[in-house]
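One structure below.
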Amino acid sequence: MDKVTKLGVCATAVLGLVLPRFLNATEVTTIFTAGPQKKEDASHVFFVDLATIALAKSGGNYIIELSPYAGQGRTIELMAQNKTYDFLWSASSTERYEKLLQVKFPLFKGGLGWRGSIIRNEFSGEFSRIRSIKELSKYVACQGLHWPDADILTHAGLAVQRMEKFDDMVKMLDSKRCDYLPLSLFEGRAELALIQHRYPDLVFSTALILHYPLVMNFYVRPDYPQLATDLLVGLKKMETESRVLDYLKRHTLTKSAFPLSQFEDSTILDMENSEFTEHQQLDNFALHALGPTPHN
């Protein structure tokens with residue numbers, strides 16, 4: 001990967017959203033975010049495209065460029081020091097809220113904490129019969145080293161194997177060194193589809209859904225409040241025009257989560273997130289209104 005990859009303004013054409021004011025701007029500000037975590041990274045495309053559209057909607061004139069991914073923990077530390085990266089997207093945590101500027105808009109509309117799991121196909125029947133946290137605790141989850149989810153699962157009494165890289169989590173799962181890899185209903189199928197050719201025995205199961213309050217936000221380095229403001233203004237404009245939900249329903253990463261009624265027969269296990277506080281904006285996500293009664 002080159003040290004810096006230029007994206008330019010072409011991403012503003014995502015889903016047909018061509019924005020002439022942005023394209024005709026004479027003065028452009030270059031901003032940096034982290035490059036992809038892995039070779040096939042559907043989530044990265046989703047968030048870079050969304051940021052590009054939101055910034056154009058705000059009237060800001062930006063070009064997004066990529067610097068090599070340094071790992072989630074290191075990326076946050078560099079941003080906190082106003083170095084290397086101008087913004088990123090991440091699950092909310094108290095640490096990130098205190099160190100960085102949080103753009104208070106829930107990018108998955110509150111749906112980040114609704115998790116299906118990548119599992120081995122041979123485990124599907126056994127996994128679908130789980131009805132409690134106690135039963136789930138017999139198995140080992142793979143999670144990211146710096147993912148807030150890992151702490152949430154551990155706090156609930158579940159066994160968790162933590163790794164830095166997503167590819168390592170999948171390899172561990174495929175080699176039976178862990179049993180399930182929880183991912184958002186918005187991400188799981190698309191992320192697995194990109195690597196399915198290498199892991200044909202893995203499936204994304206929603207028979208069992210883990211649920212806890214968790215929000216995905218954009219974060220900005222502390223010395224760049226204008227960027228945080230422009231992202232928020234653009235996202236709110238998109239929301240007013242119903243563009244955010246439309247984006248979720250149409251983007252390759254997230255479209256498989258709709259309609260939500262497909263999950264009405266799933267078993268839902270509720271968990272607490274001790275770090276979820278009022279500064280995290282949890283928009284309505286309609287799974288709570290569906291038919292299944294949560295099992296705890």
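Naming scheme: A, B, ... for chains in displayed order of the structure tokens; residues 1 onward per chain; ligands 1 onward as shown.
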> Using only C-alpha atoms, which residues sit within 8 Å of A:Phe276 once same-chain residues fewer than 4 positions away are excluded, as a PyMOL selection string?
Replying inline: chain A and resi 93-94+213-214+280
Can I get the selected residues back with C-alpha atoms, as a tab-separated table (two decimals), in the first residue's frame?
```tsv
chain	number	residue	atom	x	y	z
A	93	SER	CA	-16.33	4.35	24.53
A	94	THR	CA	-15.61	6.70	27.41
A	213	PRO	CA	-26.26	-0.53	23.72
A	214	LEU	CA	-23.40	0.55	21.45
A	280	GLN	CA	-23.57	8.38	23.30
```
Write out as a JSON list (two decimals) with N, CA and C atoms, in the first residue's frame each polymer residue whose atoms come within 12 Å of A:Leu248, counting only C-alpha atoms; drop sequence neighbours fewer than 4 positions from it.
```
[["chain", "number", "residue", "atom", "x", "y", "z"],
["A", 15, "LEU", "N", -24.10, 6.09, -4.85],
["A", 15, "LEU", "CA", -25.57, 6.02, -4.89],
["A", 15, "LEU", "C", -26.17, 7.16, -5.71],
["A", 43, "SER", "N", -16.39, -2.42, 5.26],
["A", 43, "SER", "CA", -16.73, -1.35, 6.19],
["A", 43, "SER", "C", -15.97, -0.08, 5.88],
["A", 46, "PHE", "N", -17.63, 1.86, 3.15],
["A", 46, "PHE", "CA", -18.90, 2.42, 3.63],
["A", 46, "PHE", "C", -18.66, 3.75, 4.36],
["A", 47, "PHE", "N", -17.72, 3.78, 5.30],
["A", 47, "PHE", "CA", -17.55, 4.97, 6.13],
["A", 47, "PHE", "C", -16.82, 6.10, 5.40],
["A", 49, "ASP", "N", -17.05, 6.65, 2.15],
["A", 49, "ASP", "CA", -18.08, 7.20, 1.25],
["A", 49, "ASP", "C", -19.07, 8.06, 2.02],
["A", 50, "LEU", "N", -19.50, 7.58, 3.20],
["A", 50, "LEU", "CA", -20.46, 8.33, 4.00],
["A", 50, "LEU", "C", -19.88, 9.67, 4.44],
["A", 107, "LEU", "N", -24.06, 6.34, 13.42],
["A", 107, "LEU", "CA", -23.89, 6.03, 12.01],
["A", 107, "LEU", "C", -24.66, 4.79, 11.57],
["A", 108, "PHE", "N", -24.91, 3.86, 12.47],
["A", 108, "PHE", "CA", -25.75, 2.70, 12.16],
["A", 108, "PHE", "C", -27.13, 2.85, 12.79],
["A", 109, "LYS", "N", -27.49, 4.07, 13.12],
["A", 109, "LYS", "CA", -28.79, 4.37, 13.71],
["A", 109, "LYS", "C", -29.08, 3.50, 14.94],
["A", 111, "GLY", "N", -27.81, 0.59, 15.59],
["A", 111, "GLY", "CA", -27.82, -0.84, 15.32],
["A", 111, "GLY", "C", -26.50, -1.55, 15.51],
["A", 185, "LEU", "N", -25.21, -6.76, 12.69],
["A", 185, "LEU", "CA", -26.10, -7.20, 11.62],
["A", 185, "LEU", "C", -25.90, -6.39, 10.36],
["A", 186, "PHE", "N", -25.37, -5.18, 10.50],
["A", 186, "PHE", "CA", -25.11, -4.32, 9.35],
["A", 186, "PHE", "C", -23.82, -4.69, 8.62],
["A", 187, "GLU", "N", -22.93, -5.44, 9.25],
["A", 187, "GLU", "CA", -21.62, -5.70, 8.66],
["A", 187, "GLU", "C", -21.34, -7.16, 8.34],
["A", 238, "MET", "N", -28.40, 14.98, 5.74],
["A", 238, "MET", "CA", -28.74, 13.70, 5.14],
["A", 238, "MET", "C", -29.92, 13.06, 5.85],
["A", 239, "GLU", "N", -29.93, 13.16, 7.18],
["A", 239, "GLU", "CA", -31.03, 12.58, 7.96],
["A", 239, "GLU", "C", -32.34, 13.28, 7.64],
["A", 242, "SER", "N", -33.81, 12.01, 4.62],
["A", 242, "SER", "CA", -33.96, 10.54, 4.67],
["A", 242, "SER", "C", -32.85, 9.82, 3.91],
["A", 243, "ARG", "N", -31.72, 10.48, 3.74],
["A", 243, "ARG", "CA", -30.61, 9.90, 3.01],
["A", 243, "ARG", "C", -29.84, 8.85, 3.81],
["A", 244, "VAL", "N", -29.83, 9.00, 5.13],
["A", 244, "VAL", "CA", -29.05, 8.05, 5.93],
["A", 244, "VAL", "C", -29.67, 6.66, 5.86],
["A", 252, "THR", "N", -23.73, -1.80, -0.17],
["A", 252, "THR", "CA", -23.33, -3.21, -0.18],
["A", 252, "THR", "C", -23.08, -3.75, 1.23],
["A", 253, "LEU", "N", -22.50, -2.93, 2.10],
["A", 253, "LEU", "CA", -22.18, -3.38, 3.44],
["A", 253, "LEU", "C", -23.42, -3.70, 4.26],
["A", 254, "THR", "N", -24.45, -2.86, 4.17],
["A", 254, "THR", "CA", -25.54, -2.86, 5.14],
["A", 254, "THR", "C", -26.89, -3.36, 4.62],
["A", 255, "LYS", "N", -27.04, -3.45, 3.31],
["A", 255, "LYS", "CA", -28.38, -3.70, 2.76],
["A", 255, "LYS", "C", -28.96, -5.05, 3.17],
["A", 256, "SER", "N", -28.11, -6.03, 3.49],
["A", 256, "SER", "CA", -28.63, -7.36, 3.83],
["A", 256, "SER", "C", -29.35, -7.37, 5.18],
["A", 257, "ALA", "N", -29.20, -6.30, 5.98],
["A", 257, "ALA", "CA", -29.90, -6.24, 7.27],
["A", 257, "ALA", "C", -31.37, -5.89, 7.13],
["A", 258, "PHE", "N", -31.79, -5.53, 5.93],
["A", 258, "PHE", "CA", -33.17, -5.13, 5.70],
["A", 258, "PHE", "C", -33.86, -6.17, 4.84],
["A", 259, "PRO", "N", -35.17, -6.40, 5.10],
["A", 259, "PRO", "CA", -36.00, -5.81, 6.15],
["A", 259, "PRO", "C", -35.67, -6.40, 7.52]]
```
> Hey, what does DSSP flag as alpha helix (DSSP H) within stretch 60-163 of chain A? Can you give it to me as an NGL selection string?
Replying inline: :A and (72-80 or 94-99 or 124-128 or 133-136 or 148-155)
> What does the distance between atom CA of A:Lys83 and atom CA of A:Ala54 come to in Å, to one decimal place?
Replying inline: 23.0 Å
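If only C-alpha atoms are the atoms counted, then among A:Glu275, A:Glu98, A:Asp179, A:Glu164 the closest residue to A:Asn121 is A:Asp179.
Closest approach to A:Ser67 among A:Thr52, A:Thr33, A:Ser117, A:Ser266: A:Thr33, based on only C-alpha atoms.
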>> I'd like the contact shell of stretch 221-232 of chain A - 9 Å cut-off, only C-alpha atoms, skipping same-chain residues fewer than 3 positions apart - returned as an MDAnalysis selection string.
In response: chainID A and resid 31 51:52 54:60 76 78:83 85:88 99:105 218 235:237
Written selection (C-alpha atoms) as a PDB file, in the first residue's frame:
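Result went into out25.pdb, see below:
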```
ATOM      1  CA  ILE A  31      -7.983  15.471   5.458  1.00  0.00           C
ATOM      2  CA  ALA A  51     -17.988  10.920   5.298  1.00  0.00           C
ATOM      3  CA  THR A  52     -17.407  12.218   1.776  1.00  0.00           C
ATOM      4  CA  ALA A  54     -21.736  14.259   4.541  1.00  0.00           C
ATOM      5  CA  LEU A  55     -18.884  16.748   4.126  1.00  0.00           C
ATOM      6  CA  ALA A  56     -20.127  17.721   0.697  1.00  0.00           C
ATOM      7  CA  LYS A  57     -23.628  18.177   2.118  1.00  0.00           C
ATOM      8  CA  SER A  58     -22.182  20.522   4.747  1.00  0.00           C
ATOM      9  CA  GLY A  59     -20.751  22.792   2.063  1.00  0.00           C
ATOM     10  CA  GLY A  60     -17.218  21.956   3.129  1.00  0.00           C
ATOM     11  CA  ILE A  76      -6.656   6.642  18.556  1.00  0.00           C
ATOM     12  CA  LEU A  78      -2.056   9.397  17.408  1.00  0.00           C
ATOM     13  CA  MET A  79      -5.298  11.282  16.866  1.00  0.00           C
ATOM     14  CA  ALA A  80      -5.405  12.281  20.529  1.00  0.00           C
ATOM     15  CA  GLN A  81      -1.974  13.850  19.956  1.00  0.00           C
ATOM     16  CA  ASN A  82      -3.273  15.637  16.823  1.00  0.00           C
ATOM     17  CA  LYS A  83      -1.031  13.507  14.611  1.00  0.00           C
ATOM     18  CA  TYR A  85      -5.156  11.167  11.160  1.00  0.00           C
ATOM     19  CA  ASP A  86      -7.887  13.818  11.155  1.00  0.00           C
ATOM     20  CA  PHE A  87     -10.900  11.548  11.668  1.00  0.00           C
ATOM     21  CA  LEU A  88     -11.930   7.938  12.067  1.00  0.00           C
ATOM     22  CA  LYS A  99      -9.632  11.908  24.078  1.00  0.00           C
ATOM     23  CA  LEU A 100     -11.255  12.892  20.774  1.00  0.00           C
ATOM     24  CA  LEU A 101     -14.071  15.028  19.379  1.00  0.00           C
ATOM     25  CA  GLN A 102     -17.125  12.813  19.005  1.00  0.00           C
ATOM     26  CA  VAL A 103     -19.520  13.575  16.155  1.00  0.00           C
ATOM     27  CA  LYS A 104     -22.796  12.898  17.938  1.00  0.00           C
ATOM     28  CA  PHE A 105     -24.631  11.078  15.196  1.00  0.00           C
ATOM     29  CA  PHE A 218     -17.129   9.519  13.623  1.00  0.00           C
ATOM     30  CA  LEU A 235     -25.085  14.001   8.507  1.00  0.00           C
ATOM     31  CA  LYS A 236     -28.033  15.936   9.921  1.00  0.00           C
ATOM     32  CA  LYS A 237     -28.861  17.240   6.458  1.00  0.00           C
TER      33      LYS A 237
END
```
Contacts of A:Asp167 at 8 Å or less, counting only C-alpha atoms, minus same-chain residues fewer than 3 places along, as a PDB file with C-alpha atoms, in the first residue's frame?
```
ATOM      1  CA  LYS A  38      -7.478  -5.658   5.737  1.00  0.00           C
ATOM      2  CA  VAL A 170     -11.220 -15.408  11.107  1.00  0.00           C
ATOM      3  CA  LYS A 171      -8.258 -17.779  10.933  1.00  0.00           C
TER       4      LYS A 171
END
```
